[in-house]
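Asker: Got data.txt for you, compact mmCIF, C-alpha atoms:
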# COMPACT_ATOMS: atom_id res chain seq x y z
CA MET A 7 17.54 80.43 191.97
CA SER A 8 13.93 79.94 192.94
CA LEU A 9 12.03 79.00 189.84
CA LYS A 10 8.60 79.65 191.32
CA LYS A 11 9.30 83.33 191.73
CA GLU A 12 10.46 83.89 188.17
CA PRO A 13 7.13 84.53 186.42
CA ASP A 14 6.53 87.52 188.69
CA GLU A 15 9.75 89.27 187.73
CA GLY A 16 8.98 91.39 184.71
CA ILE A 17 10.98 91.58 181.57
CA THR A 18 14.27 93.26 182.30
CA PHE A 19 17.14 94.16 180.07
CA ASP A 20 18.91 91.15 181.50
CA THR A 21 16.21 88.81 180.14
CA PHE A 22 17.47 89.78 176.71
CA MET A 23 21.16 90.20 177.48
CA GLU A 24 21.43 86.86 179.26
CA GLY A 25 21.87 85.02 175.97
CA VAL A 26 23.82 87.72 174.19
CA TRP A 27 26.50 88.09 176.82
CA ARG A 28 26.35 86.58 180.31
CA GLN A 29 25.18 83.11 179.19
CA ASN A 30 26.31 83.27 175.56
CA PRO A 31 25.60 79.79 174.14
CA VAL A 32 28.85 79.56 172.17
CA PHE A 33 31.42 81.35 174.31
CA VAL A 34 30.14 80.79 177.83
CA MET A 35 27.93 77.70 177.88
CA VAL A 36 29.77 76.05 174.95
CA LEU A 37 26.51 74.52 173.68
CA GLY A 38 25.51 73.59 170.16
CA MET A 39 29.05 72.82 169.09
CA CYS A 40 28.01 70.60 166.18
CA PRO A 41 26.77 73.41 163.90
CA THR A 42 29.26 75.84 165.45
CA LEU A 43 32.25 73.85 164.25
CA ALA A 44 30.79 72.39 161.07
CA VAL A 45 29.15 75.23 159.15
CA THR A 46 31.34 78.18 160.10
CA VAL A 47 33.63 77.93 157.07
CA SER A 48 32.37 81.27 155.82
CA ALA A 49 30.64 84.29 157.32
CA VAL A 50 27.57 83.87 155.08
CA ASN A 51 27.06 80.25 156.14
CA ALA A 52 27.53 81.22 159.77
CA VAL A 53 24.98 84.03 159.66
CA SER A 54 22.43 81.89 157.79
CA MET A 55 22.81 79.08 160.28
CA GLY A 56 22.50 81.59 163.14
CA VAL A 57 19.36 83.15 161.71
CA ALA A 58 17.79 79.73 161.01
CA THR A 59 18.47 78.69 164.59
CA LEU A 60 17.19 82.05 165.87
CA PHE A 61 13.91 81.57 164.00
CA VAL A 62 13.41 78.03 165.32
CA LEU A 63 14.36 79.12 168.83
CA VAL A 64 12.00 82.09 168.99
CA SER A 65 9.02 80.35 167.37
CA SER A 66 9.28 77.17 169.41
CA CYS A 67 9.76 79.12 172.66
CA LEU A 68 6.66 81.17 171.84
CA LEU A 69 4.54 78.08 171.20
CA VAL A 70 5.94 76.19 174.17
CA SER A 71 5.22 79.16 176.40
CA LEU A 72 1.66 79.54 175.06
CA ILE A 73 0.76 75.95 175.84
CA ARG A 74 2.86 75.65 178.98
CA ASN A 75 -0.16 75.21 181.27
CA LEU A 76 -1.86 72.62 179.04
CA VAL A 77 0.96 70.14 178.62
CA PRO A 78 1.13 67.38 181.25
CA LYS A 79 4.67 67.16 182.55
CA GLU A 80 4.96 63.46 181.62
CA VAL A 81 4.83 64.21 177.90
CA ARG A 82 6.44 67.65 177.87
CA ILE A 83 9.74 66.63 176.23
CA ALA A 84 7.92 64.74 173.48
CA THR A 85 5.73 67.77 172.88
CA TYR A 86 8.69 70.14 172.73
CA ILE A 87 10.51 67.93 170.25
CA VAL A 88 7.46 67.81 167.97
CA ILE A 89 7.19 71.60 168.10
CA ILE A 90 10.89 72.13 167.44
CA ALA A 91 10.89 69.61 164.60
CA THR A 92 7.97 71.43 163.01
CA PHE A 93 9.78 74.74 162.90
CA VAL A 94 12.94 73.08 161.63
CA THR A 95 10.93 71.61 158.75
CA LEU A 96 9.57 75.09 158.04
CA VAL A 97 13.08 76.53 157.98
CA ASP A 98 14.20 73.70 155.73
CA TYR A 99 11.54 74.59 153.13
CA ILE A 100 12.16 78.31 153.43
CA ILE A 101 15.91 77.98 152.88
CA GLN A 102 15.32 75.78 149.82
CA ALA A 103 12.95 78.41 148.46
CA VAL A 104 15.43 81.22 149.12
CA SER A 105 18.62 79.66 147.82
CA LEU A 106 19.49 76.10 146.88
CA SER A 107 23.22 76.74 146.96
CA LEU A 108 22.93 77.94 150.55
CA TYR A 109 20.84 74.84 151.30
CA GLU A 110 23.61 72.63 149.96
CA ALA A 111 26.30 74.52 151.83
CA LEU A 112 24.50 74.04 155.15
CA GLY A 113 23.72 70.42 154.30
CA ALA A 114 22.46 68.14 157.03
CA PHE A 115 23.00 70.78 159.69
CA ILE A 116 19.65 72.42 159.00
CA GLN A 117 17.82 69.24 159.94
CA LEU A 118 20.16 68.81 162.89
CA ILE A 119 18.82 72.03 164.44
CA VAL A 120 16.15 69.68 165.87
CA VAL A 121 18.65 68.26 168.31
CA ASN A 122 20.41 71.54 169.05
CA CYS A 123 20.61 71.52 172.83
CA ILE A 124 20.26 75.30 173.04
CA ILE A 125 16.69 75.12 171.77
CA LEU A 126 15.47 72.20 173.87
CA GLY A 127 17.34 73.73 176.81
CA ARG A 128 15.58 77.08 176.42
CA ALA A 129 12.18 75.40 175.97
CA GLU A 130 12.63 73.30 179.09
CA ALA A 131 14.43 75.77 181.32
CA HIS A 132 12.81 79.05 180.38
CA ALA A 133 9.85 79.04 177.97
CA SER A 134 7.91 76.36 179.85
CA LYS A 135 7.99 78.48 183.02
CA ASN A 136 7.50 82.00 181.67
CA PRO A 137 4.80 84.01 179.89
CA PRO A 138 5.05 84.24 176.09
CA LEU A 139 6.52 87.73 175.76
CA LYS A 140 9.27 87.09 178.27
CA ALA A 141 10.07 83.74 176.66
CA VAL A 142 10.33 85.37 173.24
CA VAL A 143 12.59 88.16 174.48
CA ASN A 144 14.86 85.65 176.17
CA ALA A 145 14.91 83.36 173.12
CA LEU A 146 15.69 86.34 170.90
CA GLY A 147 18.69 87.16 173.09
CA MET A 148 19.91 83.57 173.01
CA GLY A 149 19.47 83.37 169.26
CA ILE A 150 21.33 86.61 168.68
CA GLY A 151 24.07 85.47 171.03
CA PHE A 152 24.39 82.23 169.06
CA THR A 153 24.46 84.11 165.75
CA ILE A 154 27.17 86.44 167.06
CA GLY A 155 29.18 83.43 168.19
CA LEU A 156 28.87 81.73 164.80
CA LEU A 157 29.68 84.96 162.97
CA ALA A 158 32.81 85.46 165.08
CA LEU A 159 34.02 82.00 164.12
CA GLY A 160 32.85 82.17 160.52
CA ALA A 161 34.41 85.55 159.84
CA THR A 162 37.75 84.57 161.40
CA ARG A 163 37.88 81.32 159.46
CA GLU A 164 36.92 82.94 156.17
CA ILE A 165 39.47 85.74 156.55
CA LEU A 166 42.31 83.39 157.45
CA GLY A 167 41.32 80.42 155.32
CA ALA A 168 40.16 82.10 152.15
CA GLY A 169 41.35 85.72 152.44
CA LYS A 170 37.77 86.90 152.03
CA LEU A 171 34.93 88.27 154.11
CA PHE A 172 31.32 87.72 152.96
CA GLY A 173 32.81 86.64 149.64
CA PHE A 174 34.79 89.86 149.06
CA SER A 175 38.50 89.45 148.57
CA LEU A 176 40.44 91.29 151.26
CA PHE A 177 44.11 90.87 150.52
CA GLY A 178 44.35 90.78 146.75
CA GLU A 179 45.81 88.19 144.39
CA HIS A 180 49.01 87.32 146.19
CA PHE A 181 47.55 86.28 149.52
CA GLN A 182 48.21 82.60 150.16
CA PRO A 183 45.15 81.36 152.07
CA TRP A 184 45.69 79.50 155.29
CA VAL A 185 43.66 76.53 154.07
CA VAL A 186 43.69 74.59 157.34
CA MET A 187 41.36 77.22 158.81
CA VAL A 188 38.44 76.19 156.58
CA LEU A 189 39.12 72.52 157.28
CA PRO A 190 37.69 70.83 160.40
CA PRO A 191 40.86 71.31 162.51
CA GLY A 192 40.69 75.03 161.85
CA GLY A 193 37.27 75.11 163.48
CA PHE A 194 38.77 73.82 166.70
CA PHE A 195 41.73 76.22 166.51
CA VAL A 196 39.51 79.25 166.03
CA LEU A 197 36.99 78.15 168.66
CA GLY A 198 39.87 77.57 171.08
CA GLY A 199 41.18 81.04 170.35
CA TRP A 200 37.82 82.70 171.03
CA LEU A 201 37.24 80.68 174.21
CA LEU A 202 40.69 81.68 175.42
CA LEU A 203 39.91 85.33 174.80
CA PHE A 204 36.62 85.08 176.68
CA SER A 205 38.10 83.29 179.69
CA PHE A 206 40.90 85.84 179.77
CA MET A 207 38.39 88.69 179.80
CA ARG A 208 36.35 86.95 182.47
CA SER A 209 39.31 86.37 184.75
CA ARG A 210 40.39 89.99 184.30
CA SER A 211 36.97 91.32 185.23
CA GLU A 212 36.84 88.99 188.25
CA LYS A 213 40.24 90.21 189.38
CA GLY A 214 39.10 93.79 188.87
CA ALA A 215 36.02 93.14 190.99
CA ALA A 216 38.13 91.55 193.75
CA HIS A 217 40.41 94.63 193.92
CA GLU A 218 37.58 97.06 194.53
CA MET B 8 7.39 48.31 202.40
CA THR B 9 3.73 47.62 201.77
CA GLU B 10 2.78 51.26 201.82
CA PRO B 11 1.73 52.34 198.33
CA VAL B 12 3.97 55.01 196.88
CA PRO B 13 1.90 58.12 196.21
CA VAL B 14 2.17 58.74 192.50
CA HIS B 15 0.84 61.82 190.86
CA THR B 16 -0.57 60.71 187.52
CA THR B 17 -2.16 62.56 184.70
CA PRO B 18 -4.93 60.56 183.05
CA SER B 19 -3.75 58.95 179.80
CA ASN B 20 -6.50 60.49 177.73
CA LYS B 21 -5.34 63.97 178.71
CA MET B 22 -1.82 63.16 177.55
CA ILE B 23 -3.11 61.71 174.30
CA ILE B 24 -5.38 64.69 173.64
CA THR B 25 -2.60 67.19 174.34
CA MET B 26 -0.11 65.44 172.08
CA GLY B 27 -2.72 64.94 169.39
CA LEU B 28 -3.60 68.61 169.52
CA VAL B 29 0.02 69.73 169.34
CA ALA B 30 0.70 67.30 166.49
CA SER B 31 -2.31 68.60 164.53
CA ILE B 32 -1.21 72.23 164.90
CA CYS B 33 2.28 71.24 163.76
CA GLY B 34 0.89 69.24 160.84
CA VAL B 35 -1.11 72.21 159.61
CA LEU B 36 1.96 74.46 159.89
CA ILE B 37 4.14 72.06 157.90
CA VAL B 38 1.59 71.55 155.14
CA ALA B 39 1.06 75.31 154.86
CA ALA B 40 4.81 75.89 154.58
CA TYR B 41 5.15 73.13 152.00
CA GLU B 42 2.32 74.47 149.87
CA THR B 43 3.64 78.03 149.88
CA THR B 44 7.28 77.20 149.15
CA GLN B 45 6.75 74.34 146.66
CA ASP B 46 6.68 76.50 143.52
CA ALA B 47 9.68 78.56 144.54
CA ILE B 48 11.67 75.41 145.28
CA ALA B 49 10.78 73.76 141.95
CA ASN B 50 11.68 76.99 140.19
CA ASN B 51 15.03 77.19 142.03
CA LYS B 52 15.85 73.61 141.08
CA ARG B 53 15.07 74.27 137.43
CA ILE B 54 17.23 77.40 137.39
CA MET B 55 20.06 75.48 139.03
CA VAL B 56 19.93 72.71 136.38
CA GLU B 57 19.72 75.24 133.56
CA ARG B 58 22.64 77.23 134.90
CA ALA B 59 24.75 74.08 135.22
CA VAL B 60 23.90 72.93 131.68
CA PHE B 61 24.49 76.37 130.15
CA LYS B 62 27.92 76.40 131.77
CA VAL B 63 29.09 73.19 130.12
CA LEU B 64 27.37 73.94 126.79
CA PRO B 65 28.02 77.63 126.07
CA GLY B 66 25.46 79.16 123.74
CA ALA B 67 22.56 76.96 124.88
CA ALA B 68 19.28 78.69 125.67
CA LYS B 69 16.78 75.92 126.40
CA VAL B 70 17.08 72.63 128.25
CA SER B 71 14.84 69.53 128.14
CA GLU B 72 15.19 66.40 130.22
CA TYR B 73 15.38 63.07 128.43
CA VAL B 74 15.98 59.49 129.38
CA ALA B 75 17.81 56.90 127.27
CA THR B 76 16.83 53.25 127.65
CA ALA B 77 17.46 50.09 125.63
CA GLY B 78 14.23 50.87 123.75
CA GLY B 79 15.29 54.33 122.60
CA ILE B 80 15.07 57.85 123.97
CA GLN B 81 12.10 59.78 125.26
CA ALA B 82 11.31 62.92 127.19
CA LEU B 83 11.58 62.29 130.93
CA THR B 84 8.32 62.26 132.84
CA GLY B 85 8.46 61.25 136.47
CA ASN B 86 11.18 58.90 137.64
CA VAL B 87 14.04 57.43 135.65
CA PRO B 88 13.13 53.81 134.72
CA GLU B 89 15.43 50.92 135.62
CA GLY B 90 18.42 50.70 133.28
CA GLY B 91 17.69 54.15 131.91
CA VAL B 92 20.16 57.04 131.86
CA LYS B 93 18.97 60.60 132.36
CA PHE B 94 20.45 63.34 130.21
CA TYR B 95 19.72 66.90 129.21
CA ALA B 96 19.37 68.05 125.62
CA ALA B 97 20.31 71.69 125.15
CA TYR B 98 19.12 73.84 122.24
CA ASP B 99 20.26 77.28 121.17
CA SER B 100 17.85 80.19 120.79
CA ALA B 101 17.16 79.22 117.14
CA GLY B 102 16.07 75.76 118.27
CA ALA B 103 19.02 73.77 116.93
CA LEU B 104 20.53 71.02 119.09
CA LYS B 105 23.52 72.50 120.85
CA GLY B 106 24.68 69.45 122.72
CA ILE B 107 23.91 67.01 125.46
CA ALA B 108 24.70 67.17 129.13
CA ALA B 109 24.74 64.27 131.58
CA GLU B 110 25.86 63.64 135.11
CA ALA B 111 28.84 61.53 136.13
CA ALA B 112 29.90 60.48 139.61
CA GLY B 113 33.10 58.92 140.90
CA LYS B 114 34.41 58.16 144.38
CA GLY B 115 36.81 60.92 145.35
CA TYR B 116 39.03 61.46 148.37
CA ALA B 117 36.25 62.46 150.77
CA ASP B 118 32.98 61.58 149.08
CA MET B 119 31.40 61.16 145.65
CA VAL B 120 32.50 63.80 143.17
CA ARG B 121 29.53 64.57 140.93
CA VAL B 122 30.16 66.44 137.71
CA LEU B 123 28.03 67.45 134.75
CA TYR B 124 29.66 67.09 131.33
CA GLY B 125 28.67 68.70 128.07
CA TYR B 126 28.79 66.50 124.98
CA ASP B 127 28.91 67.53 121.34
CA THR B 128 27.10 65.10 119.07
CA LYS B 129 29.03 66.18 115.96
CA CYS B 130 32.55 65.51 117.19
CA GLN B 131 31.35 62.87 119.65
CA CYS B 132 33.44 64.44 122.32
CA ILE B 133 33.09 66.06 125.73
CA ILE B 134 33.46 69.82 125.48
CA GLY B 135 33.18 70.96 129.09
CA ILE B 136 32.63 69.88 132.68
CA GLY B 137 31.18 71.52 135.76
CA VAL B 138 31.10 70.27 139.33
CA VAL B 139 27.65 69.48 140.73
CA SER B 140 28.78 68.56 144.23
CA MET B 141 31.92 67.46 146.01
CA ARG B 142 33.49 67.53 149.46
CA GLU B 143 37.09 67.37 148.35
CA THR B 144 39.84 69.07 150.34
CA PRO B 145 39.82 72.83 149.71
CA GLY B 146 43.04 73.91 148.06
CA ILE B 147 43.83 70.38 146.80
CA GLY B 148 40.94 68.41 145.34
CA ASP B 149 38.89 71.46 144.46
CA LYS B 150 41.51 72.40 141.86
CA ILE B 151 39.39 70.43 139.40
CA ILE B 152 37.23 73.57 139.15
CA THR B 153 40.06 76.07 138.80
CA ASP B 154 43.09 74.31 137.29
CA LYS B 155 43.22 75.57 133.69
CA ALA B 156 45.51 72.79 132.46
CA PHE B 157 43.12 70.18 133.85
CA LEU B 158 40.04 71.83 132.34
CA LYS B 159 41.82 71.89 128.97
CA ASN B 160 41.40 68.08 128.96
CA PHE B 161 37.73 68.70 128.41
CA ASP B 162 38.02 70.99 125.39
CA ALA B 163 37.54 67.91 123.19
CA LEU B 164 37.71 64.67 125.15
CA ASP B 165 37.13 61.80 122.74
CA VAL B 166 34.20 59.53 123.69
CA ARG B 167 33.35 58.03 120.28
CA VAL B 168 31.34 54.80 120.34
CA ASN B 169 32.81 51.77 118.61
CA ALA B 170 31.53 50.39 115.30
CA GLU B 171 29.07 47.97 116.96
CA MET B 172 27.71 50.81 119.09
CA ILE B 173 27.92 48.79 122.30
CA ALA B 174 30.73 50.62 124.09
CA LEU B 175 33.15 53.52 123.73
CA ALA B 176 35.81 53.07 121.06
CA ASN B 177 38.40 54.05 123.66
CA ALA B 178 37.69 54.03 127.37
CA VAL B 179 38.34 57.39 129.05
CA LYS B 180 41.54 57.04 131.08
CA VAL B 181 43.24 59.27 133.62
CA VAL B 182 47.01 59.36 133.13
CA LYS B 183 49.85 60.72 135.23
CA HIS B 184 50.37 64.47 135.00
CA GLY B 185 52.18 65.41 131.80
CA THR B 186 51.83 62.08 129.99
CA LYS B 187 48.62 62.64 128.00
CA GLN B 188 49.03 61.42 124.42
CA ASN B 189 45.59 60.53 123.09
CA ALA B 190 42.37 62.51 122.86
CA TRP B 191 40.60 60.09 125.20
CA GLU B 192 43.10 60.49 128.02
CA ILE B 193 42.82 62.91 130.92
CA ASP B 194 45.96 64.52 132.25
CA ALA B 195 45.68 64.34 136.07
CA ILE B 196 46.46 67.31 138.31
CA ALA B 197 49.77 66.76 140.07
CA GLY B 198 49.00 66.42 143.78
CA ALA B 199 45.27 65.87 143.24
CA THR B 200 45.38 62.51 141.51
CA VAL B 201 42.58 60.94 143.55
CA THR B 202 40.09 63.63 142.62
CA SER B 203 41.23 63.70 138.98
CA LYS B 204 40.77 59.95 138.77
CA ALA B 205 37.31 60.22 140.34
CA VAL B 206 36.28 62.61 137.57
CA GLY B 207 37.75 60.37 134.86
CA ARG B 208 36.22 57.19 136.22
CA GLY B 209 32.84 58.85 136.65
CA ILE B 210 32.85 60.19 133.09
CA ASN B 211 33.96 56.84 131.66
CA GLU B 212 31.26 54.96 133.56
CA SER B 213 28.53 57.38 132.56
CA ALA B 214 29.61 57.68 128.91
CA GLN B 215 30.00 53.90 128.52
CA LYS B 216 26.39 53.55 129.59
CA LEU B 217 24.83 56.56 127.91
CA MET B 218 26.57 56.83 124.53
CA PRO B 219 25.69 53.36 123.17
CA LEU B 220 22.05 53.96 124.13
CA LEU B 221 21.98 57.49 122.79
CA MET B 222 24.00 57.45 119.55
CA PRO B 223 21.64 55.26 117.43
CA HIS B 224 18.79 57.65 118.25
CA VAL B 225 20.54 61.00 118.36
CA ALA B 226 18.72 62.24 115.25
CA GLU B 227 15.40 62.05 117.14
CA LEU B 228 16.51 64.92 119.36
CA LYS B 229 15.76 67.56 116.73
CA PRO B 230 12.93 69.62 118.19
Could the structure of this file be written out as structure tokens, please?
Answerer:
Amino acid sequence: MSLKKEPDEGITFDTFMEGVWRQNPVFVMVLGMCPTLAVTVSAVNAVSMGVATLFVLVSSCLLVSLIRNLVPKEVRIATYIVIIATFVTLVDYIIQAVSLSLYEALGAFIQLIVVNCIILGRAEAHASKNPPLKAVVNALGMGIGFTIGLLALGATREILGAGKLFGFSLFGEHFQPWVVMVLPPGGFFVLGGWLLLFSFMRSRSEKGAAHE
Amino acid sequence: MTEPVPVHTTPSNKMIITMGLVASICGVLIVAAYETTQDAIANNKRIMVERAVFKVLPGAAKVSEYVATAGGIQALTGNVPEGGVKFYAAYDSAGALKGIAAEAAGKGYADMVRVLYGYDTKCQCIIGIGVVSMRETPGIGDKIITDKAFLKNFDALDVRVNAEMIALANAVKVVKHGTKQNAWEIDAIAGATVTSKAVGRGINESAQKLMPLLMPHVAELKP
């Protein structure tokens, strides 16, 4: 992949879909596992975490891309971290203003978005080399891909572990929840299950391509 | 060996200016966000406290924050002074004192279990508890919110102060499930003893501190 050529390629559908599907942060790159495993005990938590990360990702990629020609390469990482930390602080205040109970449910993981490798990775690998619009579209795709990944885990864990989805009871009074699924081990079980499914699909499509 | 290695350097002042510029932009953004969300956050916190107090003292309509110290009780302004205990006085819509709520914390299975208890000044007993925060095992420790038999302990948990008003007449004690005999004992949940004990210990600790400070001055709480 020649990086120098990239700015000349326009924005394609793949710029957006890269993060949603081909390079999905959760299922393909297996990045950002700390929030993925920790906050996905319910679908609401998962979506909120995904949206918070999406906001930080898009805004910091936009700013990084806007100042990409001004920042000397020696101090670029420091600059990116300051920018990311700023938007995380913003998200922190906004979530507190929206709902304190959500803030408590997400706990320290809001502040930990600062060190989410997806965001620094996007800033370094994409936003710092591409014009603003393209960087934003790509970041949007990544963020949505991450949110989908979290939602897949959160929904599965909530259904199995609490018998609910988005807080609505699914199976009625007599359902005995599978409590282990909302405990930390359940996070690994469910993530393992999803990764298995994705590798299975990938190997099938590769086999299909080989046959043709 | 002696050949100087060609190094591409950016002048230091350029680096400093860039970082300073970025930091200033970020500073402005953060302050702006803080200023705009401050009121909403304060409002949310107040609603959360009120909701928690109303839950443990049914019928309350207004909450004020107080602090009890060795010198008496006064309305809380700013931080809690050393040796002081913060509590909430709840009044009904007619303005009569409905009860008092205070926080208690005890070490549970995973982390501190923090509860808010409602206290009736007439019977000198605890009439309800609500969980403020806990990280106990779902399905086991979190029964302290749902277990009806356990919550029945707090219909009238005796926390009278002794005659000298220096401690509780009877320390709050957590006993094995099914062996509660006295009004100051808490019947533990079978299978969730650690969490039950955390609640009991927390309440005992908090009440031992608060009640002797509060009881001599309780009449001052009339609005």
Asker: Please return, as an mmCIF file with C-alpha atoms, in the coordinates of the input, all residues of chain B lying within 12 Å of chain A when all atoms listed in the file are considered.
Answerer:
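What ended up in out-v2.cif:
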data_model
loop_
_atom_site.group_PDB
_atom_site.id
_atom_site.type_symbol
_atom_site.label_atom_id
_atom_site.label_comp_id
_atom_site.auth_asym_id
_atom_site.auth_seq_id
_atom_site.Cartn_x
_atom_site.Cartn_y
_atom_site.Cartn_z
ATOM 1 C CA HIS B 15 0.840 61.820 190.860
ATOM 2 C CA THR B 16 -0.570 60.710 187.520
ATOM 3 C CA THR B 17 -2.160 62.560 184.700
ATOM 4 C CA PRO B 18 -4.930 60.560 183.050
ATOM 5 C CA SER B 19 -3.750 58.950 179.800
ATOM 6 C CA ASN B 20 -6.500 60.490 177.730
ATOM 7 C CA LYS B 21 -5.340 63.970 178.710
ATOM 8 C CA MET B 22 -1.820 63.160 177.550
ATOM 9 C CA ILE B 23 -3.110 61.710 174.300
ATOM 10 C CA ILE B 24 -5.380 64.690 173.640
ATOM 11 C CA THR B 25 -2.600 67.190 174.340
ATOM 12 C CA MET B 26 -0.110 65.440 172.080
ATOM 13 C CA GLY B 27 -2.720 64.940 169.390
ATOM 14 C CA LEU B 28 -3.600 68.610 169.520
ATOM 15 C CA VAL B 29 0.020 69.730 169.340
ATOM 16 C CA ALA B 30 0.700 67.300 166.490
ATOM 17 C CA SER B 31 -2.310 68.600 164.530
ATOM 18 C CA ILE B 32 -1.210 72.230 164.900
ATOM 19 C CA CYS B 33 2.280 71.240 163.760
ATOM 20 C CA GLY B 34 0.890 69.240 160.840
ATOM 21 C CA VAL B 35 -1.110 72.210 159.610
ATOM 22 C CA LEU B 36 1.960 74.460 159.890
ATOM 23 C CA ILE B 37 4.140 72.060 157.900
ATOM 24 C CA VAL B 38 1.590 71.550 155.140
ATOM 25 C CA ALA B 39 1.060 75.310 154.860
ATOM 26 C CA ALA B 40 4.810 75.890 154.580
ATOM 27 C CA TYR B 41 5.150 73.130 152.000
ATOM 28 C CA GLU B 42 2.320 74.470 149.870
ATOM 29 C CA THR B 43 3.640 78.030 149.880
ATOM 30 C CA THR B 44 7.280 77.200 149.150
ATOM 31 C CA GLN B 45 6.750 74.340 146.660
ATOM 32 C CA ASP B 46 6.680 76.500 143.520
ATOM 33 C CA ALA B 47 9.680 78.560 144.540
ATOM 34 C CA ILE B 48 11.670 75.410 145.280
ATOM 35 C CA ALA B 49 10.780 73.760 141.950
ATOM 36 C CA ASN B 50 11.680 76.990 140.190
ATOM 37 C CA ASN B 51 15.030 77.190 142.030
ATOM 38 C CA LYS B 52 15.850 73.610 141.080
ATOM 39 C CA ARG B 53 15.070 74.270 137.430
ATOM 40 C CA ILE B 54 17.230 77.400 137.390
ATOM 41 C CA MET B 55 20.060 75.480 139.030
ATOM 42 C CA VAL B 56 19.930 72.710 136.380
ATOM 43 C CA VAL B 139 27.650 69.480 140.730
ATOM 44 C CA SER B 140 28.780 68.560 144.230
ATOM 45 C CA MET B 141 31.920 67.460 146.010
ATOM 46 C CA ARG B 142 33.490 67.530 149.460
ATOM 47 C CA GLU B 143 37.090 67.370 148.350
ATOM 48 C CA THR B 144 39.840 69.070 150.340
ATOM 49 C CA PRO B 145 39.820 72.830 149.710
ATOM 50 C CA GLY B 146 43.040 73.910 148.060
ATOM 51 C CA ILE B 147 43.830 70.380 146.800
ATOM 52 C CA ASP B 149 38.890 71.460 144.460
#
Asker: Could you tell me how far CA of Val92 in chain B lies from CA of Ala111 in chain B, in Å and to one decimal?
Answerer: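 Interatomic distance, CA of Val92 in chain B to CA of Ala111 in chain B: 10.7 Å.
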Asker: Could you jot down the CA of Lys114 in chain B to CA of Val63 in chain B separation for me, Å, one decimal place?
Answerer: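 Distance between the two atoms: 21.4 Å.
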Asker: Taking all atoms of range 59-68 of chain A that the file lists and extending 3 Å past them on each side, where is the centre of the axis-aligned box and how long are its edges? Answer in Å to one decimal, as JSON.
Answerer:
{"center_x": 12.6, "center_y": 79.6, "center_z": 168.3, "size_x": 17.8, "size_y": 10.9, "size_z": 14.7}
Asker: Have a look at CA of Val50 in chain A and CA of Pro190 in chain A and let me know their distance in Å, one decimal.
Answerer: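 Taking CA of Val50 in chain A and CA of Pro190 in chain A, their separation equals 17.3 Å.
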Asker: Compare B:Tyr73, B:Trp191, B:Phe157, B:Phe61 by their minimum atom-to-atom distance to Leu228 in chain B, counting all atoms listed in the file, and give me the closest one.
Answerer: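 Distance minimum relative to Leu228 in chain B lands on B:Tyr73.
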Asker: Smallest atom-to-atom distance to Leu175 in chain B: which of B:Ala96, B:Ala67, B:Leu123, B:Leu217, using all atoms listed in the file?
Answerer: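 Of the candidates, the smallest distance to Leu175 in chain B is held by B:Leu217.
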Asker: Give me, as a ChimeraX atom specification, all polymer residues having an atom no more than 10 Å from range 130-132 of chain A, counting all atoms listed in the file and skipping those fewer than 2 positions away in the same chain.
Answerer: /A:9,12-13,67,70-71,82-83,86,124-128,134-137,140-142,144-145
Asker: Can you list, as a PyMOL selection string, every protein, DNA or RNA residue that comes within 10 Å of range 173-175 of chain A when you count all atoms listed in the file, leaving out same-chain residues fewer than 6 positions away?
Answerer: chain A and resi 48-50+164-165+181
Asker: Need to verify the contact set: range 42-46 of chain A, 9 Å, all atoms listed in the file, exclusion of same-chain residues closer than 3 positions in sequence. Can you return it as a ChimeraX atom specification?
Answerer: /A:32,37-39,49-53,55,111-113,115,152,155-161,163-164,188,190,192-194,197
Asker: Determine, counting only C-alpha atoms, which protein, DNA and RNA residues have an atom within 8 Å of an atom of Gln131 in chain B; residues of the same chain fewer than 3 positions away are not included. Present the result as a ChimeraX atom specification.
Answerer: /B:126-128,165-167
Asker: Determine the nearest neighbour of Met187 in chain A from the options A:Val47, A:Leu72, A:Val64, A:Leu203, counting all atoms listed in the file.
Answerer: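 Of all the options, A:Val47 lies closest to Met187 in chain A.
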Asker: As a PyMOL selection string, please: the residues near Met218 in chain B (cut-off 12 Å, all atoms listed in the file, same-chain neighbours under 6 positions excluded).
Answerer: chain B and resi 74-77+79-80+91-94+107-109+126-128+131-133+165-169+171-176+178+210-212+224-225
Asker: Here is a test: counting only C-alpha atoms, which residue of B:Val120, B:Ala68, B:Ala205, B:Ile196 is nearest to Lys105 in chain B?
Answerer: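 Closest to Lys105 in chain B, using only C-alpha atoms: B:Ala68.
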